[in-house]
>>> print(open('entry29.cif').read())   # mmCIF, C-alpha atoms
data_query
loop_
_atom_site.label_atom_id
_atom_site.label_comp_id
_atom_site.auth_asym_id
_atom_site.auth_seq_id
_atom_site.Cartn_x
_atom_site.Cartn_y
_atom_site.Cartn_z
CA GLY E 1 83.41 90.51 108.22
CA GLU E 2 82.77 93.21 105.67
CA ASN E 3 80.44 92.54 102.76
CA VAL E 4 80.12 94.91 99.82
CA GLU E 5 77.19 94.68 97.41
CA GLN E 6 77.30 96.44 94.06
CA HIS E 7 74.55 97.25 91.56
CA PRO E 8 73.87 97.02 88.71
CA SER E 9 76.00 94.17 87.41
CA THR E 10 75.77 95.56 83.87
CA LEU E 11 75.00 99.06 82.65
CA SER E 12 74.59 100.23 79.08
CA VAL E 13 74.41 103.95 78.23
CA GLN E 14 74.66 106.17 75.20
CA GLU E 15 77.68 108.38 74.80
CA GLY E 16 77.13 111.66 76.62
CA ASP E 17 74.68 110.20 79.14
CA SER E 18 75.42 109.84 82.84
CA ALA E 19 76.12 106.54 84.59
CA VAL E 20 75.56 105.75 88.26
CA ILE E 21 76.84 102.69 90.11
CA LYS E 22 75.80 102.01 93.70
CA CYS E 23 77.40 100.03 96.52
CA THR E 24 76.34 99.16 100.04
CA TYR E 25 78.58 97.93 102.82
CA SER E 26 77.85 96.06 106.00
CA ASP E 27 80.62 97.06 108.44
CA SER E 28 79.85 100.41 110.06
CA ALA E 29 83.56 100.68 110.99
CA SER E 30 84.56 100.91 107.32
CA ASN E 31 85.92 104.34 106.57
CA TYR E 32 87.64 104.20 103.20
CA PHE E 33 85.88 103.62 99.87
CA PRO E 34 87.88 103.48 96.63
CA TRP E 35 86.64 102.84 93.11
CA TYR E 36 88.65 100.91 90.53
CA LYS E 37 88.32 100.69 86.75
CA GLN E 38 89.46 97.51 85.04
CA GLU E 39 89.65 97.35 81.27
CA LEU E 40 89.65 93.95 79.58
CA GLY E 41 92.91 92.12 80.23
CA LYS E 42 94.37 94.95 82.31
CA ARG E 43 95.00 95.75 85.94
CA PRO E 44 92.46 97.47 88.19
CA GLN E 45 93.27 101.18 88.41
CA LEU E 46 92.18 103.51 91.19
CA ILE E 47 90.01 106.28 89.72
CA ILE E 48 88.65 107.99 92.82
CA ASP E 49 88.29 107.36 96.54
CA ILE E 50 86.47 108.87 99.49
CA ARG E 51 86.93 108.74 103.24
CA SER E 52 84.16 108.66 105.79
CA ASN E 53 84.72 112.25 106.93
CA VAL E 54 83.65 113.52 103.49
CA GLY E 55 80.24 113.29 101.84
CA GLU E 56 81.19 113.94 98.24
CA LYS E 57 84.28 114.17 96.09
CA LYS E 58 84.67 115.19 92.44
CA ASP E 59 87.38 114.77 89.85
CA GLN E 60 86.40 116.18 86.47
CA ARG E 61 83.66 113.89 85.08
CA ILE E 62 83.77 111.49 88.03
CA ALA E 63 82.19 111.97 91.44
CA VAL E 64 81.62 109.76 94.44
CA THR E 65 79.04 110.30 97.18
CA LEU E 66 78.90 108.63 100.58
CA ASN E 67 75.95 108.20 102.93
CA LYS E 68 77.35 106.83 106.19
CA THR E 69 73.96 106.53 107.84
CA ALA E 70 72.61 104.33 105.09
CA LYS E 71 76.01 102.69 104.52
CA HIS E 72 76.04 103.24 100.82
CA PHE E 73 78.24 105.05 98.33
CA SER E 74 77.88 105.74 94.64
CA LEU E 75 80.01 106.49 91.58
CA HIS E 76 78.71 109.07 89.12
CA ILE E 77 80.20 109.46 85.65
CA THR E 78 78.91 112.37 83.59
CA GLU E 79 79.25 112.93 79.83
CA THR E 80 80.26 109.32 79.31
CA GLN E 81 82.66 108.43 76.50
CA PRO E 82 83.34 105.08 74.78
CA GLU E 83 86.69 104.89 76.60
CA ASP E 84 84.77 104.77 79.90
CA SER E 85 83.66 101.25 78.92
CA ALA E 86 85.17 98.86 81.49
CA VAL E 87 84.36 96.95 84.66
CA TYR E 88 84.10 99.16 87.72
CA PHE E 89 84.67 97.81 91.23
CA CYS E 90 83.82 99.52 94.48
CA ALA E 91 85.64 98.52 97.64
CA ALA E 92 85.69 99.21 101.37
CA SER E 93 88.16 98.92 104.19
CA ARG E 94 87.98 99.59 107.91
CA VAL E 95 90.14 101.33 110.45
CA GLY E 96 92.96 99.17 111.73
CA GLY E 97 92.14 96.39 109.30
CA TYR E 98 95.59 96.18 107.74
CA ASN E 99 94.22 98.12 104.78
CA LYS E 100 92.30 95.05 103.70
CA LEU E 101 90.11 96.03 100.77
CA ILE E 102 86.94 94.07 100.17
CA PHE E 103 85.61 94.44 96.64
CA GLY E 104 82.09 94.54 95.28
CA ALA E 105 81.15 92.14 92.50
CA GLY E 106 81.74 94.70 89.75
CA THR E 107 79.67 96.58 87.17
CA ARG E 108 80.31 96.12 83.47
CA LEU E 109 79.72 99.54 81.86
CA ALA E 110 79.24 99.78 78.12
CA VAL E 111 79.14 103.24 76.52
CA HIS E 112 77.74 103.15 73.00
CA PRO E 113 78.73 105.83 70.46
CA ASP H 1 108.82 104.75 89.60
CA THR H 2 105.08 104.51 90.25
CA GLU H 3 104.52 100.95 89.14
CA VAL H 4 104.17 97.49 90.55
CA THR H 5 105.95 95.02 88.30
CA GLN H 6 104.89 91.39 88.12
CA THR H 7 106.64 88.51 86.41
CA PRO H 8 105.93 86.38 84.52
CA LYS H 9 102.93 87.82 82.69
CA HIS H 10 101.73 84.37 81.68
CA LEU H 11 102.46 80.96 83.20
CA VAL H 12 101.31 77.49 82.28
CA MET H 13 102.18 74.79 84.76
CA GLY H 14 101.38 71.18 85.42
CA MET H 15 99.88 69.98 88.65
CA THR H 16 103.20 68.53 89.81
CA ASN H 17 105.30 71.59 89.01
CA LYS H 18 106.79 74.14 91.38
CA LYS H 19 106.87 77.73 90.19
CA SER H 20 107.10 81.21 91.67
CA LEU H 21 105.40 84.49 90.89
CA LYS H 22 107.35 87.66 91.53
CA CYS H 23 106.29 91.19 92.39
CA GLU H 24 108.42 94.30 92.82
CA GLN H 25 107.72 97.94 93.71
CA HIS H 26 110.04 100.89 94.30
CA MET H 27 107.54 103.40 95.63
CA GLY H 28 108.60 102.93 99.24
CA HIS H 29 105.29 101.27 100.03
CA ARG H 30 105.32 99.20 103.21
CA ALA H 31 102.31 96.99 102.53
CA MET H 32 102.02 94.42 99.76
CA TYR H 33 99.19 92.12 98.81
CA TRP H 34 98.35 89.05 96.75
CA TYR H 35 94.89 88.87 95.19
CA LYS H 36 93.37 86.15 93.02
CA GLN H 37 90.91 87.13 90.30
CA LYS H 38 88.79 84.66 88.36
CA ALA H 39 87.14 85.71 85.11
CA LYS H 40 84.26 88.15 85.55
CA LYS H 41 84.78 88.21 89.32
CA PRO H 42 86.26 90.76 91.72
CA PRO H 43 89.75 90.36 93.16
CA GLU H 44 89.83 88.14 96.27
CA LEU H 45 92.40 88.79 98.97
CA MET H 46 94.90 86.01 99.64
CA PHE H 47 97.71 87.52 101.73
CA VAL H 48 98.70 90.85 103.26
CA TYR H 49 102.27 91.74 104.20
CA SER H 50 102.78 94.81 106.35
CA TYR H 51 106.35 95.92 107.05
CA GLU H 52 107.55 92.60 105.62
CA LYS H 53 105.53 90.55 108.06
CA LEU H 54 102.58 88.39 107.08
CA SER H 55 99.58 90.15 108.56
CA ILE H 56 96.64 88.39 106.94
CA ASN H 57 96.27 84.93 105.47
CA GLU H 58 92.76 84.46 104.19
CA SER H 59 92.71 80.70 104.75
CA VAL H 60 94.51 80.09 101.50
CA PRO H 61 95.53 76.45 100.80
CA SER H 62 99.12 75.60 101.70
CA ARG H 63 99.93 74.94 98.05
CA PHE H 64 100.27 78.75 97.90
CA SER H 65 103.22 80.00 99.94
CA PRO H 66 104.00 83.74 100.13
CA GLU H 67 107.40 85.22 100.83
CA CYS H 68 108.50 88.81 101.40
CA PRO H 69 112.32 88.95 101.17
CA ASN H 70 112.39 92.72 101.65
CA SER H 71 110.14 95.74 101.53
CA SER H 72 110.29 95.94 97.73
CA LEU H 73 109.75 92.30 96.81
CA LEU H 74 106.91 89.85 97.21
CA ASN H 75 106.90 86.30 95.92
CA LEU H 76 104.20 83.66 95.67
CA HIS H 77 105.48 80.10 95.55
CA LEU H 78 103.22 77.58 93.86
CA HIS H 79 103.30 73.82 94.34
CA ALA H 80 100.93 71.02 93.41
CA LEU H 81 98.23 73.37 92.13
CA GLN H 82 94.84 72.28 90.87
CA PRO H 83 93.14 73.31 87.60
CA GLU H 84 90.70 75.44 89.60
CA ASP H 85 93.65 77.58 90.70
CA SER H 86 93.86 78.93 87.17
CA ALA H 87 93.26 82.68 87.47
CA LEU H 88 94.82 86.11 87.24
CA TYR H 89 97.09 86.68 90.23
CA LEU H 90 97.43 90.32 91.13
CA CYS H 91 100.04 91.88 93.35
CA ALA H 92 99.35 95.28 94.89
CA SER H 93 101.07 97.71 97.21
CA SER H 94 100.01 100.63 99.36
CA PRO H 95 101.91 103.19 101.44
CA SER H 96 101.11 101.53 104.73
CA GLY H 97 99.51 98.45 106.17
CA GLN H 98 97.81 100.67 108.70
CA GLY H 99 95.27 103.30 107.83
CA ASN H 100 93.44 103.26 104.55
CA TYR H 101 95.00 103.87 101.20
CA GLY H 102 94.28 102.93 97.64
CA TYR H 103 96.30 100.16 96.10
CA THR H 104 98.58 100.26 93.13
CA PHE H 105 98.07 97.00 91.28
CA GLY H 106 100.53 95.19 89.08
CA SER H 107 99.47 93.92 85.66
CA GLY H 108 99.08 90.42 87.03
CA THR H 109 100.24 86.93 86.15
CA ARG H 110 97.72 84.90 84.17
CA LEU H 111 98.16 81.38 85.49
CA THR H 112 96.89 78.26 83.76
CA VAL H 113 97.17 74.92 85.56
CA VAL H 114 96.97 71.90 83.28
#
>>> encode(input="entry29.cif", output="structure tokens")
Amino acid sequence: GENVEQHPSTLSVQEGDSAVIKCTYSDSASNYFPWYKQELGKRPQLIIDIRSNVGEKKDQRIAVTLNKTAKHFSLHITETQPEDSAVYFCAASRVGGYNKLIFGAGTRLAVHP
Amino acid sequence: DTEVTQTPKHLVMGMTNKKSLKCEQHMGHRAMYWYKQKAKKPPELMFVYSYEKLSINESVPSRFSPECPNSSLLNLHLHALQPEDSALYLCASSPSGQGNYGYTFGSGTRLTVV
């Protein structure tokens, strides 16, 4: 089955710096890669996603890149703000897999003022 | 309505109790999911319902019993749980059980088994 590895497990940056979180997946049939943000005590919320027919996608300060050959994808947050502090999860699902999302272990991002 | 509503928000139950978790969405989504999340861990898939039929059961113990009465509702019946079952139980929905879509998660039920 699919396995998603996520690094780093913790990330500490200064406000205004950029943050990058990386994930690798094992199933070459996976074709959908969402990213979720989970604040303490709250639900995971979808912040951006990318499909395998696209190499990069941007939404304001957030971008995701996908390298299908290497089977890895990354989340980039620019101009970080304290409110970006949360746990970020990457995930992957494959075609015809009943939309079964497999999550990475998570990255705890701390943005210091 | 763009939310998934879960009740109760908190639940404390004994190992001999029977309780149910409820989940509701009115977005017209046809796939619904139960995930279990332990502290500082990612969500782990338990069950997938697609078009009101159980599509995936990730070898979850029989003390957890899902039910999908209709396309808007998803229940999780709990019986004879163990302390290690204490966790945040998340319900999610997506437009379809086929293809790939992001989930909308509910706020979860924080379950404590004593």
>>> closest_residue(input="entry29.cif", among="E:Lys100, E:Glu39, E:Val87, E:Glu56", to="Ser12 in chain E", atoms="only C-alpha atoms")
E:Val87
>>> closest_atom_pairs(input="entry29.cif", of="chain H", to="chain E", cutoff="12 Å", atoms="only C-alpha atoms", output="JSON lines")
{"residue": "H:Glu3", "atom": "CA", "partner": "E:Gln45", "partner_atom": "CA", "distance": 11.3}
{"residue": "H:Val4", "atom": "CA", "partner": "E:Arg43", "partner_atom": "CA", "distance": 10.4}
{"residue": "H:Thr5", "atom": "CA", "partner": "E:Arg43", "partner_atom": "CA", "distance": 11.2}
{"residue": "H:Gln6", "atom": "CA", "partner": "E:Arg43", "partner_atom": "CA", "distance": 11.0}
{"residue": "H:Lys9", "atom": "CA", "partner": "E:Lys42", "partner_atom": "CA", "distance": 11.1}
{"residue": "H:His10", "atom": "CA", "partner": "E:Gly41", "partner_atom": "CA", "distance": 11.8}
{"residue": "H:Arg30", "atom": "CA", "partner": "E:Tyr98", "partner_atom": "CA", "distance": 11.1}
{"residue": "H:Ala31", "atom": "CA", "partner": "E:Asn99", "partner_atom": "CA", "distance": 8.5}
{"residue": "H:Met32", "atom": "CA", "partner": "E:Asn99", "partner_atom": "CA", "distance": 10.0}
{"residue": "H:Tyr33", "atom": "CA", "partner": "E:Lys100", "partner_atom": "CA", "distance": 8.9}
{"residue": "H:Trp34", "atom": "CA", "partner": "E:Lys100", "partner_atom": "CA", "distance": 11.0}
{"residue": "H:Tyr35", "atom": "CA", "partner": "E:Leu101", "partner_atom": "CA", "distance": 10.3}
{"residue": "H:Lys36", "atom": "CA", "partner": "E:Phe103", "partner_atom": "CA", "distance": 11.9}
{"residue": "H:Gln37", "atom": "CA", "partner": "E:Arg43", "partner_atom": "CA", "distance": 10.5}
{"residue": "H:Lys38", "atom": "CA", "partner": "E:Ala105", "partner_atom": "CA", "distance": 11.5}
{"residue": "H:Ala39", "atom": "CA", "partner": "E:Gly41", "partner_atom": "CA", "distance": 9.9}
{"residue": "H:Lys40", "atom": "CA", "partner": "E:Gly106", "partner_atom": "CA", "distance": 8.2}
{"residue": "H:Lys41", "atom": "CA", "partner": "E:Ala105", "partner_atom": "CA", "distance": 6.2}
{"residue": "H:Pro42", "atom": "CA", "partner": "E:Ala105", "partner_atom": "CA", "distance": 5.4}
{"residue": "H:Pro43", "atom": "CA", "partner": "E:Phe103", "partner_atom": "CA", "distance": 6.8}
{"residue": "H:Glu44", "atom": "CA", "partner": "E:Phe103", "partner_atom": "CA", "distance": 7.6}
{"residue": "H:Leu45", "atom": "CA", "partner": "E:Ile102", "partner_atom": "CA", "distance": 7.7}
{"residue": "H:Met46", "atom": "CA", "partner": "E:Lys100", "partner_atom": "CA", "distance": 10.2}
{"residue": "H:Phe47", "atom": "CA", "partner": "E:Lys100", "partner_atom": "CA", "distance": 9.5}
{"residue": "H:Val48", "atom": "CA", "partner": "E:Tyr98", "partner_atom": "CA", "distance": 7.6}
{"residue": "H:Tyr49", "atom": "CA", "partner": "E:Tyr98", "partner_atom": "CA", "distance": 8.8}
{"residue": "H:Ser50", "atom": "CA", "partner": "E:Tyr98", "partner_atom": "CA", "distance": 7.5}
{"residue": "H:Tyr51", "atom": "CA", "partner": "E:Tyr98", "partner_atom": "CA", "distance": 10.8}
{"residue": "H:Lys53", "atom": "CA", "partner": "E:Tyr98", "partner_atom": "CA", "distance": 11.4}
{"residue": "H:Leu54", "atom": "CA", "partner": "E:Tyr98", "partner_atom": "CA", "distance": 10.5}
{"residue": "H:Ser55", "atom": "CA", "partner": "E:Tyr98", "partner_atom": "CA", "distance": 7.3}
{"residue": "H:Ile56", "atom": "CA", "partner": "E:Tyr98", "partner_atom": "CA", "distance": 7.9}
{"residue": "H:Asn57", "atom": "CA", "partner": "E:Lys100", "partner_atom": "CA", "distance": 11.0}
{"residue": "H:Glu58", "atom": "CA", "partner": "E:Lys100", "partner_atom": "CA", "distance": 10.6}
{"residue": "H:Ala87", "atom": "CA", "partner": "E:Gly41", "partner_atom": "CA", "distance": 11.9}
{"residue": "H:Leu88", "atom": "CA", "partner": "E:Gly41", "partner_atom": "CA", "distance": 9.4}
{"residue": "H:Tyr89", "atom": "CA", "partner": "E:Arg43", "partner_atom": "CA", "distance": 10.2}
{"residue": "H:Leu90", "atom": "CA", "partner": "E:Arg43", "partner_atom": "CA", "distance": 7.9}
{"residue": "H:Cys91", "atom": "CA", "partner": "E:Arg43", "partner_atom": "CA", "distance": 9.8}
{"residue": "H:Ala92", "atom": "CA", "partner": "E:Pro44", "partner_atom": "CA", "distance": 9.9}
{"residue": "H:Ser93", "atom": "CA", "partner": "E:Asn99", "partner_atom": "CA", "distance": 10.2}
{"residue": "H:Ser94", "atom": "CA", "partner": "E:Asn99", "partner_atom": "CA", "distance": 8.3}
{"residue": "H:Pro95", "atom": "CA", "partner": "E:Asn99", "partner_atom": "CA", "distance": 9.8}
{"residue": "H:Ser96", "atom": "CA", "partner": "E:Asn99", "partner_atom": "CA", "distance": 7.7}
{"residue": "H:Gly97", "atom": "CA", "partner": "E:Tyr98", "partner_atom": "CA", "distance": 4.8}
{"residue": "H:Gln98", "atom": "CA", "partner": "E:Tyr98", "partner_atom": "CA", "distance": 5.1}
{"residue": "H:Gly99", "atom": "CA", "partner": "E:Val95", "partner_atom": "CA", "distance": 6.1}
{"residue": "H:Asn100", "atom": "CA", "partner": "E:Asn99", "partner_atom": "CA", "distance": 5.2}
{"residue": "H:Tyr101", "atom": "CA", "partner": "E:Asn99", "partner_atom": "CA", "distance": 6.8}
{"residue": "H:Gly102", "atom": "CA", "partner": "E:Pro34", "partner_atom": "CA", "distance": 6.5}
{"residue": "H:Tyr103", "atom": "CA", "partner": "E:Leu46", "partner_atom": "CA", "distance": 7.2}
{"residue": "H:Thr104", "atom": "CA", "partner": "E:Gln45", "partner_atom": "CA", "distance": 7.2}
{"residue": "H:Phe105", "atom": "CA", "partner": "E:Arg43", "partner_atom": "CA", "distance": 6.3}
{"residue": "H:Gly106", "atom": "CA", "partner": "E:Arg43", "partner_atom": "CA", "distance": 6.4}
{"residue": "H:Ser107", "atom": "CA", "partner": "E:Arg43", "partner_atom": "CA", "distance": 4.8}
{"residue": "H:Gly108", "atom": "CA", "partner": "E:Arg43", "partner_atom": "CA", "distance": 6.8}
{"residue": "H:Thr109", "atom": "CA", "partner": "E:Arg43", "partner_atom": "CA", "distance": 10.3}
{"residue": "H:Arg110", "atom": "CA", "partner": "E:Gly41", "partner_atom": "CA", "distance": 9.5}
>>> closest_residue(input="entry29.cif", among="H:Val113, H:Ser59, H:Leu21, H:His26", to="Ser71 in chain H", atoms="all atoms listed in the file")
H:His26
>>> resolve_selection(input="entry29.cif", expression="the PyMOL selection byres ((chain E and resi 68) around 9)", output="ChimeraX atom specification")
/E:28,31,52,55,66-67,69-73
>>> resolve_selection(input="entry29.cif", expression="the PyMOL selection byres ((chain E and resi 59) around 12)", output="JSON, numbers by chain")
{"E": [47, 48, 49, 50, 56, 57, 58, 60, 61, 62, 63, 64, 65, 75, 76, 77, 78]}
>>> write_last_selection(input="entry29.cif", atoms="C-alpha atoms", output="CSV table (one decimal), in the frame of the given file")
chain,number,residue,atom,x,y,z
E,47,ILE,CA,90.0,106.3,89.7
E,48,ILE,CA,88.6,108.0,92.8
E,49,ASP,CA,88.3,107.4,96.5
E,50,ILE,CA,86.5,108.9,99.5
E,56,GLU,CA,81.2,113.9,98.2
E,57,LYS,CA,84.3,114.2,96.1
E,58,LYS,CA,84.7,115.2,92.4
E,60,GLN,CA,86.4,116.2,86.5
E,61,ARG,CA,83.7,113.9,85.1
E,62,ILE,CA,83.8,111.5,88.0
E,63,ALA,CA,82.2,112.0,91.4
E,64,VAL,CA,81.6,109.8,94.4
E,65,THR,CA,79.0,110.3,97.2
E,75,LEU,CA,80.0,106.5,91.6
E,76,HIS,CA,78.7,109.1,89.1
E,77,ILE,CA,80.2,109.5,85.6
E,78,THR,CA,78.9,112.4,83.6
>>> resolve_selection(input="entry29.cif", expression="the PyMOL selection byres ((chain H and resi 66) around 8)", output="list in words")
Phe47, Phe64, Ser65, Glu67, Cys68, Leu74, Asn75, Leu76 and His77 of chain H
>>> closest_residue(input="entry29.cif", among="H:Met13, H:Leu73, H:Glu52, H:Thr112", to="Met27 in chain H", atoms="all atoms listed in the file")
H:Leu73
>>> atom_distance(input="entry29.cif", atom1="CA of Val60 in chain H", atom2="CA of Val4 in chain E")
20.7 Å
>>> closest_residue(input="entry29.cif", among="H:Ser86, H:Cys23, H:Leu111, H:Thr16", to="Asn70 in chain H", atoms="only C-alpha atoms")
H:Cys23
>>> decode(input="entry29.cif", residues="range 79-100 of chain H", atoms="N, CA, C and O atoms", output="PDB file, in the first residue's frame")
ATOM      1  N   HIS H  79     -18.643   0.013  21.396  1.00  0.00           N
ATOM      2  CA  HIS H  79     -19.057  -0.960  22.416  1.00  0.00           C
ATOM      3  C   HIS H  79     -17.833  -1.683  22.957  1.00  0.00           C
ATOM      4  O   HIS H  79     -17.011  -2.174  22.187  1.00  0.00           O
ATOM      5  N   ALA H  80     -17.748  -1.736  24.277  1.00  0.00           N
ATOM      6  CA  ALA H  80     -16.666  -2.465  24.942  1.00  0.00           C
ATOM      7  C   ALA H  80     -15.291  -1.959  24.511  1.00  0.00           C
ATOM      8  O   ALA H  80     -14.402  -2.747  24.150  1.00  0.00           O
ATOM      9  N   LEU H  81     -15.132  -0.640  24.523  1.00  0.00           N
ATOM     10  CA  LEU H  81     -13.847  -0.069  24.098  1.00  0.00           C
ATOM     11  C   LEU H  81     -12.779  -0.250  25.163  1.00  0.00           C
ATOM     12  O   LEU H  81     -13.079  -0.519  26.343  1.00  0.00           O
ATOM     13  N   GLN H  82     -11.543  -0.078  24.751  1.00  0.00           N
ATOM     14  CA  GLN H  82     -10.389  -0.177  25.615  1.00  0.00           C
ATOM     15  C   GLN H  82      -9.792   1.209  25.845  1.00  0.00           C
ATOM     16  O   GLN H  82      -9.971   2.106  25.006  1.00  0.00           O
ATOM     17  N   PRO H  83      -9.043   1.408  26.916  1.00  0.00           N
ATOM     18  CA  PRO H  83      -8.431   2.727  27.154  1.00  0.00           C
ATOM     19  C   PRO H  83      -7.578   3.209  25.977  1.00  0.00           C
ATOM     20  O   PRO H  83      -7.539   4.410  25.705  1.00  0.00           O
ATOM     21  N   GLU H  84      -6.948   2.290  25.262  1.00  0.00           N
ATOM     22  CA  GLU H  84      -6.111   2.699  24.134  1.00  0.00           C
ATOM     23  C   GLU H  84      -6.918   3.217  22.949  1.00  0.00           C
ATOM     24  O   GLU H  84      -6.351   3.740  21.975  1.00  0.00           O
ATOM     25  N   ASP H  85      -8.240   3.081  23.024  1.00  0.00           N
ATOM     26  CA  ASP H  85      -9.106   3.645  21.977  1.00  0.00           C
ATOM     27  C   ASP H  85      -9.355   5.134  22.193  1.00  0.00           C
ATOM     28  O   ASP H  85      -9.985   5.789  21.352  1.00  0.00           O
ATOM     29  N   SER H  86      -8.895   5.654  23.303  1.00  0.00           N
ATOM     30  CA  SER H  86      -9.029   7.092  23.551  1.00  0.00           C
ATOM     31  C   SER H  86      -8.276   7.853  22.474  1.00  0.00           C
ATOM     32  O   SER H  86      -7.097   7.594  22.218  1.00  0.00           O
ATOM     33  N   ALA H  87      -8.975   8.784  21.825  1.00  0.00           N
ATOM     34  CA  ALA H  87      -8.394   9.512  20.691  1.00  0.00           C
ATOM     35  C   ALA H  87      -9.387  10.565  20.222  1.00  0.00           C
ATOM     36  O   ALA H  87     -10.506  10.665  20.738  1.00  0.00           O
ATOM     37  N   LEU H  88      -8.976  11.322  19.222  1.00  0.00           N
ATOM     38  CA  LEU H  88      -9.880  12.226  18.517  1.00  0.00           C
ATOM     39  C   LEU H  88     -10.424  11.477  17.304  1.00  0.00           C
ATOM     40  O   LEU H  88      -9.649  10.963  16.490  1.00  0.00           O
ATOM     41  N   TYR H  89     -11.742  11.379  17.203  1.00  0.00           N
ATOM     42  CA  TYR H  89     -12.357  10.685  16.082  1.00  0.00           C
ATOM     43  C   TYR H  89     -12.906  11.726  15.114  1.00  0.00           C
ATOM     44  O   TYR H  89     -13.763  12.538  15.466  1.00  0.00           O
ATOM     45  N   LEU H  90     -12.369  11.692  13.922  1.00  0.00           N
ATOM     46  CA  LEU H  90     -12.701  12.679  12.901  1.00  0.00           C
ATOM     47  C   LEU H  90     -13.571  12.060  11.822  1.00  0.00           C
ATOM     48  O   LEU H  90     -13.263  10.993  11.291  1.00  0.00           O
ATOM     49  N   CYS H  91     -14.618  12.761  11.498  1.00  0.00           N
ATOM     50  CA  CYS H  91     -15.443  12.414  10.343  1.00  0.00           C
ATOM     51  C   CYS H  91     -15.057  13.357   9.212  1.00  0.00           C
ATOM     52  O   CYS H  91     -14.677  14.510   9.449  1.00  0.00           O
ATOM     53  N   ALA H  92     -15.117  12.879   7.993  1.00  0.00           N
ATOM     54  CA  ALA H  92     -14.821  13.721   6.835  1.00  0.00           C
ATOM     55  C   ALA H  92     -15.753  13.337   5.702  1.00  0.00           C
ATOM     56  O   ALA H  92     -16.328  12.241   5.679  1.00  0.00           O
ATOM     57  N   SER H  93     -15.897  14.254   4.757  1.00  0.00           N
ATOM     58  CA  SER H  93     -16.673  13.942   3.554  1.00  0.00           C
ATOM     59  C   SER H  93     -15.946  14.498   2.339  1.00  0.00           C
ATOM     60  O   SER H  93     -15.101  15.393   2.461  1.00  0.00           O
ATOM     61  N   SER H  94     -16.267  13.932   1.189  1.00  0.00           N
ATOM     62  CA  SER H  94     -15.727  14.457  -0.072  1.00  0.00           C
ATOM     63  C   SER H  94     -16.793  14.263  -1.153  1.00  0.00           C
ATOM     64  O   SER H  94     -17.703  13.452  -0.986  1.00  0.00           O
ATOM     65  N   PRO H  95     -16.677  15.010  -2.256  1.00  0.00           N
ATOM     66  CA  PRO H  95     -17.738  14.954  -3.264  1.00  0.00           C
ATOM     67  C   PRO H  95     -18.040  13.553  -3.781  1.00  0.00           C
ATOM     68  O   PRO H  95     -19.180  13.230  -4.054  1.00  0.00           O
ATOM     69  N   SER H  96     -17.003  12.734  -3.892  1.00  0.00           N
ATOM     70  CA  SER H  96     -17.210  11.424  -4.479  1.00  0.00           C
ATOM     71  C   SER H  96     -16.274  10.426  -3.850  1.00  0.00           C
ATOM     72  O   SER H  96     -15.204  10.780  -3.348  1.00  0.00           O
ATOM     73  N   GLY H  97     -16.675   9.179  -3.869  1.00  0.00           N
ATOM     74  CA  GLY H  97     -15.776   8.122  -3.424  1.00  0.00           C
ATOM     75  C   GLY H  97     -14.849   7.665  -4.521  1.00  0.00           C
ATOM     76  O   GLY H  97     -13.925   6.901  -4.277  1.00  0.00           O
ATOM     77  N   GLN H  98     -15.109   8.143  -5.729  1.00  0.00           N
ATOM     78  CA  GLN H  98     -14.231   7.832  -6.844  1.00  0.00           C
ATOM     79  C   GLN H  98     -13.516   9.104  -7.248  1.00  0.00           C
ATOM     80  O   GLN H  98     -13.978  10.196  -7.014  1.00  0.00           O
ATOM     81  N   GLY H  99     -12.364   8.954  -7.858  1.00  0.00           N
ATOM     82  CA  GLY H  99     -11.597  10.156  -8.173  1.00  0.00           C
ATOM     83  C   GLY H  99     -10.930  10.664  -6.925  1.00  0.00           C
ATOM     84  O   GLY H  99     -10.969  10.042  -5.877  1.00  0.00           O
ATOM     85  N   ASN H 100     -10.324  11.788  -6.996  1.00  0.00           N
ATOM     86  CA  ASN H 100      -9.524  12.292  -5.890  1.00  0.00           C
ATOM     87  C   ASN H 100      -9.946  13.711  -5.544  1.00  0.00           C
ATOM     88  O   ASN H 100      -9.877  14.607  -6.376  1.00  0.00           O
TER      89      ASN H 100
END
